[in-house]
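Here the structure is laid out as C-alpha cells; the discussion comes afterwards.
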Amino acid sequence: MGAVSRRQITGLASSGIDVAYVHSFRREARQKTDLPGEEHVIDYPFSEGLSRFSPLHYPNELMSFSEKVDDIVRKGQPNVIYSEGPLVHRTLQRDSRPPIVFHPHGLDMYQDQMSVVRNLRARILRPLFAFHAHGADRVFSQGGRLTEILTNTIGVPKERVTFLPNAVSGAAKYEAKVRSGNILKCLFVGRDDPKKGFGLLRQALDSVSRVTLDVVGMDGVDTAQLHWHGVVQDPERIRKFYRNADVLVLPSYSEGMATVLLEAMQAGTPAIATDVGASREVVINEKTGWLIQPGSAALVAEAIQQAAALKNEDYRNYSENCLHHVAANFEEDTVTHQLIKTLREVAAD
C-alpha cells in the first residue's frame with residue numbers, strides 16, 4: 001500500500017506472491033487499475049472546511065485512513081504488510097497483527113524545509129513517523145543521511161533497517177559521452193521550492209563564466225546564460241535534456257533519494273548535489289559527480305568550476321561511472337528483487 005510502483009506490484013505477483021494492494025484517489029479521480037492481485041480502492045478522508053487549514057489535518061487524515069486500511073487487514077489476514085508511508089497506525093496499535101515493513105521515504109520532517117512555517121508543520125508529523133518506525137518489524141531506508149536519521153535521531157535499531165533505494169527502469173540505454181563543447185551546459189530539474197536550493201544555484205552562476213543553465217520545472221525570462229523550459233511532462237523530452245546536459249546541479253537543503261539524480265546518471269550525465277537525504281548513495285564524490293555540503297553558493301560554484309575543468313577523457317570516465325553505478329544498484333528489477341527478498345524474510349520470522 002502507498003506509492004508502490006506498478007512494476008513492483010507486477011514483480012511481486014510474478015514471483016508467486018499473492019498481492020492485495022490498497023490505494024486511494026480523490027473522489028473525482030477514482031479509477032480502477034489493471035494490475036494483478038486483489039485491489040482495494042478507498043476514498044482518502046481529505047479534510048474539508050476550516051479543518052483543512054489546521055496544522056494537524058494531515059496526521060488526522062492519515063490516522064483516519066489507517067482505520068479503513070485496518071478493516072481490510074482484518075478481513076484479508078495477510079502474512080506481511082508493506083506500508084509506504086505512515087498508513088497503518090491503527091494496525092500497529094493492535095496486540096495481534098501481521099508483521100509490518102514500513103517505508104518512510106524522504107523523512108522531510110527531520111530535514112530543513114527552508115521555511116519556519118513549513119518546518120513547524122513538518123515537525124508535527126514526527127511522532128506519527130516515529131511511532132511507525134519503532135512499531136514496524138522492519139524499516140526501509142533509502143540510505144545516506146536518512147539511515148542516520150532513522151538510527152541516530154529516531155532510535156530505530158540498526159538491525160531492523162534495510163536499504164531499499166529508489167529505482168529507474170531500463171527503458172533508455174546510453175553509452176558514455178564526452179563534453180558538448182567549451183561552454184559547460186548545466187541542468188536543473190525541479191519545482192519552485194526553496195528547499196531545492198535554486199537560489200544558491202543562481203548566486204553561483206554569478207561567479208562562474210562559460211556556463212549555461214537549462215531550467216526544467218519553472219518559468220522565467222531567458223538570458224544568454226539562463227534558459228527556462230517550464231514544466232515538461234513528456235518523458236522522451238526530459239531524457240533529451242539529461243542527455244544534452246554536461247552536468248545536473250541539485251543544491252537541495254532537503255531530499256529523499258532524488259529521482260532526477262538517477263535519471264541524469266542513467267543518461268550518462270554526472271551530477272553536483274548536496275549531501276542531504278540519500279544523495280551520497282547516488283553521487284559518489286569525484287566519481288559520478290561532486291557531493292558538497294548544503295547551503296553554500298561558493299561550494300556550488302566551486303563544483304561547477306571543477307566540472308568545467310575536466311578534460312574530455314576524464315569527463316567520459318565520470319559518464320561511464322554514472323552508467324555503471326545506476327545499472328548495478330538502481331535498476332527497477334534489482335530493487336524489486338530486494339523488496340521481495342525482505343518481505344519474504346519478515347513474513348517468515
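Quick note on naming: the chains in the C-alpha cells go A, B, ... in the order shown, residues restart at 1 in each chain, and ligands are numbered from 1 in order of appearance.
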
Surrounding residues of Gly217 of chain A excluding itself and chain neighbours under 2 positions, 6 Å, only C-alpha atoms, as a VMD selection string: chain A and resid 189 to 191 230 to 231

Shortest interatomic distance to Thr259 of chain A - which of A:Pro165, A:Pro99, A:Pro294, A:Pro36, counting only C-alpha atoms: A:Pro165

Between atom CA of Ile100 of chain A and atom CA of Ile81 of chain A - distance in Å to one decimal: 4.7 Å

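Residue neighbourhood of segment 181-186 of chain A, excluding near-sequence residues (fewer than 2 positions): Arg179, Phe188, Arg210, Val211, Thr212, Leu213, Asp214, Asn244, Ala245, Asp246, Val247, Leu248, Val249, Ala307 and Ala308 of chain A, at 8 Å, using only C-alpha atoms.
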
Using C-alpha atoms, can you export the residues from the last selection as a CSV table (one decimal), in the first residue's frame?
```
chain,number,residue,atom,x,y,z
A,179,ARG,CA,31.6,17.2,-23.1
A,188,PHE,CA,18.4,22.0,-13.1
A,210,ARG,CA,31.4,30.0,-19.8
A,211,VAL,CA,28.5,28.2,-18.2
A,212,THR,CA,24.8,28.0,-19.3
A,213,LEU,CA,21.9,26.7,-17.3
A,214,ASP,CA,18.7,25.0,-18.6
A,244,ASN,CA,22.3,17.0,-23.8
A,245,ALA,CA,23.4,18.4,-20.4
A,246,ASP,CA,27.0,18.2,-19.3
A,247,VAL,CA,26.1,18.1,-15.6
A,248,LEU,CA,23.0,18.1,-13.4
A,249,VAL,CA,23.0,20.5,-10.5
A,307,ALA,CA,33.2,20.1,-13.8
A,308,ALA,CA,34.2,22.7,-16.4
```

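Taking atom CA of Pro86 of chain A and atom CA of His132 of chain A as the two end points, the separation is 6.2 Å.
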
DSSP-assigned alpha helix (DSSP H) among segment 145-204 of chain A, expressed as number ranges by chain: A: 145-148, 198-204

Non-local contacts of Val300 of chain A (12 Å; only C-alpha atoms; under 5 positions in same chain excluded) as a count of residues only: 31

7 Å contact set for segment 134-140 of chain A, only C-alpha atoms, chain neighbours under 4 positions out, as a PyMOL selection string: chain A and resi 92+99-103+130+156+160-164

Within 10 Å of Arg145 of chain A using only C-alpha atoms, minus same-chain residues under 6 positions, as a PyMOL selection string: chain A and resi 106+111+151-152+255-256+275-281

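Here the strand (DSSP E) residues in segment 138-251 of chain A, by DSSP on the backbone, are Arg138, Val139, Phe140, Ser141, Val161, Thr162, Phe163, Leu184, Lys185, Cys186, Leu187, Phe188, Val189, Val211, Thr212, Leu213, Asp214, Val215, Val216, Leu226, His227, Trp228, Val247, Leu248, Val249 and Leu250 of chain A.
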
I need the chosen residues saved as a PDB file, in the first residue's frame, with C-alpha atoms.
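Final output, part.pdb:
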```
ATOM      1  CA  ARG A 138      11.464  -3.787   9.503  1.00  0.00           C
ATOM      2  CA  VAL A 139      12.103  -0.261   8.213  1.00  0.00           C
ATOM      3  CA  PHE A 140      13.327   0.535   4.720  1.00  0.00           C
ATOM      4  CA  SER A 141      15.826   3.330   4.235  1.00  0.00           C
ATOM      5  CA  VAL A 161      16.810  -1.078   8.971  1.00  0.00           C
ATOM      6  CA  THR A 162      17.198  -2.390   5.406  1.00  0.00           C
ATOM      7  CA  PHE A 163      18.498  -0.409   2.446  1.00  0.00           C
ATOM      8  CA  LEU A 184      29.601  23.839 -19.710  1.00  0.00           C
ATOM      9  CA  LYS A 185      25.901  23.065 -20.088  1.00  0.00           C
ATOM     10  CA  CYS A 186      24.305  22.738 -16.640  1.00  0.00           C
ATOM     11  CA  LEU A 187      20.796  21.463 -15.987  1.00  0.00           C
ATOM     12  CA  PHE A 188      18.401  21.993 -13.078  1.00  0.00           C
ATOM     13  CA  VAL A 189      15.246  19.867 -12.885  1.00  0.00           C
ATOM     14  CA  VAL A 211      28.480  28.194 -18.223  1.00  0.00           C
ATOM     15  CA  THR A 212      24.825  27.982 -19.270  1.00  0.00           C
ATOM     16  CA  LEU A 213      21.883  26.654 -17.284  1.00  0.00           C
ATOM     17  CA  ASP A 214      18.718  24.982 -18.570  1.00  0.00           C
ATOM     18  CA  VAL A 215      15.887  25.062 -16.019  1.00  0.00           C
ATOM     19  CA  VAL A 216      13.161  22.417 -16.288  1.00  0.00           C
ATOM     20  CA  LEU A 226      19.728  31.050 -18.384  1.00  0.00           C
ATOM     21  CA  HIS A 227      17.163  29.113 -20.417  1.00  0.00           C
ATOM     22  CA  TRP A 228      13.751  28.350 -18.886  1.00  0.00           C
ATOM     23  CA  VAL A 247      26.110  18.146 -15.576  1.00  0.00           C
ATOM     24  CA  LEU A 248      22.958  18.146 -13.440  1.00  0.00           C
ATOM     25  CA  VAL A 249      23.008  20.546 -10.473  1.00  0.00           C
ATOM     26  CA  LEU A 250      20.778  19.864  -7.449  1.00  0.00           C
TER      27      LEU A 250
END
```

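Using only C-alpha atoms, the shortest contact distance between Ile340 of chain A and any of A:Ser209, A:Ser254, A:Gln8, A:Asn321 is found at A:Gln8.
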
Residue contacts of Asp314 of chain A (12 Å, only C-alpha atoms) excluding same-chain residues fewer than 4 positions away, as a PyMOL selection string: chain A and resi 176-179+270+286-289+306-310+318-321

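Between atom CA of His57 of chain A and atom CA of His23 of chain A the separation is 19.4 Å.
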